[in-house]
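*Asks:* Input: one structure, supplied below.
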Amino acid sequence: MRRSADEGKTWKEVDTIDHDIIRLVSHPHNNNMAFGLGPDKTHWVTYNRGDSWQSFETPREASLVGDVLSFHSEEEGWILFQGNACEDTGSGKWGGGRSCWDETYYTTDAFRTEAKLMLTQTSECTFTRSTKAMTATPKKMVLCVAFDQSVKPGDGGAHSYKESRLYSSEDWFATKKFVDMGIGKRARGVMGLGVVSKFMVAALKMDEDGLNRRAGGGDPM
């Protein structure tokens, strides 16, 4: 990795990083911090605009899709890390099946200490106060699109979107709640989350049967 201290006029190799960096993520609310994500469980962080870098370890490798890091707009040390977990199932055509899923970890000190597991079987998690405009929600509230933690991915090594639900928590998922979106507290098929102005937006995808029940006025569950 190379760094420029003069707006790109000259570049210098960062010699303290002896790993490959596959993704560089800037902290959106603190321009002193940036994170270099490695291909395994070793990553790097700077707290001083790249003058120095420190390595840190995560329990899982970084997720292969989506945003690996999610940030809190007011607490700069509160960061969510999306990791990928896999296990051999032996159920493949040649006896070498593999099942993978994502797990979400959290840190309250920007990885100065080891990140802790927050929730497993997730596809994405975000702080409701992820932008400066989002001030009407509880400070510690986190939203996660997640699957039944007792059921690992089935054939093909991935969860079906039909199993996904939206959960909220204000205690790092020591307890959690289903989010009521007006179609039943156990509404399934959550495809993603996003922020639009001062609102959190959740995208759902219903199968044909669910749409028919909704049109008929019934709970799609």
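Ordering of the structure tokens sets the chain letters (A, B, ...), residue numbers begin anew at 1 in every chain, and ligands are numbered from 1 in the order given.
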Env of stretch 8-12 of chain A: 12 Å cut, atoms = only C-alpha atoms, seq-sep filter 5 positions within chain, self excluded. Answer as a list in words.

*Replies:*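 In the requested format, the answer is Met1, Arg2, Arg3, Gly50 and Asp51 of chain A.
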
*Asks:* Restricting the calculation to only C-alpha atoms: of A:Gly83, A:Gly38, A:Gly182, A:Gly77, which residue gets closest to A:Arg60?

*Replies:*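 Ranked by minimum distance to A:Arg60, first place goes to A:Gly83.
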
*Asks:* Of the residues A:Phe81, A:Tyr106, A:Phe35, A:Phe173, which is the one nearest to A:Glu61, using only C-alpha atoms?

*Replies:* A:Phe81

*Asks:* Select, from A:Thr58, A:Ser169, A:Ser4, A:Thr137, the residue with the minimum atom-to-atom distance to A:Lys116, counting only C-alpha atoms.

*Replies:*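 Ranking A:Thr58, A:Ser169, A:Ser4, A:Thr137 by distance to A:Lys116, first place goes to A:Thr58.
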
*Asks:* Near A:Asp40, counting only C-alpha atoms, which residues have an atom at most 12 Å away, once you skip same-chain residues fewer than 6 positions from it, shown as number ranges by chain?

*Replies:* A: 19-23, 56-64, 83-85

*Asks:* Which residues come within 12 Å of A:Tyr47, counting only C-alpha atoms, excluding same-chain residues fewer than 3 positions away, as a ChimeraX atom specification?

*Replies:* /A:26-27,30-36,44,50-55,76-77,109-112

*Asks:* Given the selection you just returned, output its residues as a file containing N, CA and C atoms, formatted as an mmCIF file, in the first residue's frame.

*Replies:*
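part_14.cif written:
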data_model
loop_
_atom_site.group_PDB
_atom_site.id
_atom_site.type_symbol
_atom_site.label_atom_id
_atom_site.label_comp_id
_atom_site.auth_asym_id
_atom_site.auth_seq_id
_atom_site.Cartn_x
_atom_site.Cartn_y
_atom_site.Cartn_z
ATOM 1 N N SER A 26 -12.132 4.262 4.602
ATOM 2 C CA SER A 26 -11.963 5.467 5.416
ATOM 3 C C SER A 26 -13.119 5.570 6.408
ATOM 4 N N HIS A 27 -12.819 6.061 7.598
ATOM 5 C CA HIS A 27 -13.878 6.295 8.582
ATOM 6 C C HIS A 27 -14.702 7.496 8.108
ATOM 7 N N ASN A 30 -14.582 10.374 10.918
ATOM 8 C CA ASN A 30 -13.311 10.777 11.523
ATOM 9 C C ASN A 30 -12.219 10.594 10.484
ATOM 10 N N ASN A 31 -11.764 11.707 9.904
ATOM 11 C CA ASN A 31 -10.801 11.598 8.807
ATOM 12 C C ASN A 31 -9.385 11.267 9.254
ATOM 13 N N ASN A 32 -9.194 11.044 10.552
ATOM 14 C CA ASN A 32 -7.897 10.564 11.030
ATOM 15 C C ASN A 32 -7.772 9.048 10.915
ATOM 16 N N MET A 33 -8.911 8.370 10.805
ATOM 17 C CA MET A 33 -8.920 6.914 10.835
ATOM 18 C C MET A 33 -9.195 6.308 9.473
ATOM 19 N N ALA A 34 -8.495 5.190 9.201
ATOM 20 C CA ALA A 34 -8.741 4.394 8.008
ATOM 21 C C ALA A 34 -8.358 2.951 8.329
ATOM 22 N N PHE A 35 -8.905 2.034 7.550
ATOM 23 C CA PHE A 35 -8.733 0.613 7.822
ATOM 24 C C PHE A 35 -8.315 -0.110 6.545
ATOM 25 N N GLY A 36 -7.236 -0.868 6.634
ATOM 26 C CA GLY A 36 -6.794 -1.698 5.527
ATOM 27 C C GLY A 36 -7.164 -3.143 5.810
ATOM 28 N N TRP A 44 -5.350 -3.828 9.258
ATOM 29 C CA TRP A 44 -4.539 -2.705 9.722
ATOM 30 C C TRP A 44 -5.401 -1.472 9.915
ATOM 31 N N GLY A 50 -2.646 8.018 8.574
ATOM 32 C CA GLY A 50 -1.697 7.185 7.853
ATOM 33 C C GLY A 50 -0.248 7.367 8.252
ATOM 34 N N ASP A 51 0.017 8.217 9.241
ATOM 35 C CA ASP A 51 1.405 8.379 9.694
ATOM 36 C C ASP A 51 1.949 7.068 10.255
ATOM 37 N N SER A 52 1.095 6.323 10.946
ATOM 38 C CA SER A 52 1.486 5.013 11.462
ATOM 39 C C SER A 52 0.290 4.074 11.367
ATOM 40 N N TRP A 53 0.592 2.781 11.287
ATOM 41 C CA TRP A 53 -0.448 1.761 11.154
ATOM 42 C C TRP A 53 -0.230 0.668 12.189
ATOM 43 N N GLN A 54 -1.332 0.158 12.730
ATOM 44 C CA GLN A 54 -1.278 -0.933 13.691
ATOM 45 C C GLN A 54 -2.093 -2.107 13.176
ATOM 46 N N SER A 55 -1.611 -3.311 13.382
ATOM 47 C CA SER A 55 -2.368 -4.489 12.957
ATOM 48 C C SER A 55 -3.384 -4.875 14.021
ATOM 49 N N GLU A 76 -17.140 7.378 17.464
ATOM 50 C CA GLU A 76 -16.208 6.983 16.408
ATOM 51 C C GLU A 76 -15.593 5.606 16.636
ATOM 52 N N GLY A 77 -15.585 5.136 17.877
ATOM 53 C CA GLY A 77 -15.028 3.816 18.159
ATOM 54 C C GLY A 77 -16.002 2.668 17.954
ATOM 55 N N ASP A 109 -14.016 0.419 20.588
ATOM 56 C CA ASP A 109 -12.775 1.205 20.674
ATOM 57 C C ASP A 109 -11.974 1.137 19.370
ATOM 58 N N ALA A 110 -12.675 0.992 18.244
ATOM 59 C CA ALA A 110 -12.034 1.000 16.920
ATOM 60 C C ALA A 110 -10.926 -0.040 16.807
ATOM 61 N N PHE A 111 -11.193 -1.237 17.330
ATOM 62 C CA PHE A 111 -10.294 -2.393 17.211
ATOM 63 C C PHE A 111 -9.016 -2.271 18.029
ATOM 64 N N ARG A 112 -9.007 -1.403 19.026
ATOM 65 C CA ARG A 112 -7.850 -1.361 19.923
ATOM 66 C C ARG A 112 -7.809 -2.618 20.796
#

*Asks:* Have a look at atom CA of A:Leu143 and atom CA of A:Gly194 and let me know their distance in Å, one decimal.

*Replies:* 10.6 Å

*Asks:* Please measure the separation of atom CA of A:Ser197 and atom CA of A:Arg129, giving the value in Å to one decimal.

*Replies:*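 Value for the atom CA of A:Ser197-atom CA of A:Arg129 distance: 11.8 Å.
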
*Asks:* Quick one: everything within 6 Å of stretch 119-128 of chain A, counting only C-alpha atoms, minus sequence neighbours fewer than 3 positions away in the same chain. Send it as a list in words.

*Replies:*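 Residues near the query, excluding close chain neighbours: Ser70, His72, Trp101, Asp102, Glu103, Thr104, Met141, Val142, Leu143, Cys144, Val145, Ala146, Phe147 and Gln149 of chain A.
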
*Asks:* Okay, now the selection with C-alpha atoms, as a CSV table (one decimal), in the first residue's frame?

*Replies:*
chain,number,residue,atom,x,y,z
A,70,SER,CA,-20.3,0.0,9.5
A,72,HIS,CA,-21.7,5.1,14.2
A,101,TRP,CA,-22.6,-17.7,6.4
A,102,ASP,CA,-21.8,-14.2,7.7
A,103,GLU,CA,-21.3,-13.2,11.4
A,104,THR,CA,-21.3,-9.6,12.7
A,141,MET,CA,-29.8,0.8,18.3
A,142,VAL,CA,-28.5,-1.6,15.6
A,143,LEU,CA,-30.6,-3.1,12.8
A,144,CYS,CA,-29.6,-6.5,11.3
A,145,VAL,CA,-30.9,-8.5,8.4
A,146,ALA,CA,-30.5,-12.0,9.7
A,147,PHE,CA,-31.6,-15.6,9.5
A,149,GLN,CA,-29.5,-18.8,14.1

*Asks:* Hey, what's within 8 Å of A:Leu69 if we count only C-alpha atoms and toss same-chain stuff fewer than 2 positions away? As a list in words, please?

*Replies:*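 The neighbour list is Val25, Asp67, Phe71, Ile79, Leu80, Phe81 and Gln82 of chain A.
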
*Asks:* Which residue, A:Val195, A:Val201, A:Met134, A:Cys100, has the smallest gap to A:Asp88 when you use only C-alpha atoms?

*Replies:*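 Going through A:Val195, A:Val201, A:Met134, A:Cys100 one by one, the smallest distance to A:Asp88 is for A:Cys100.
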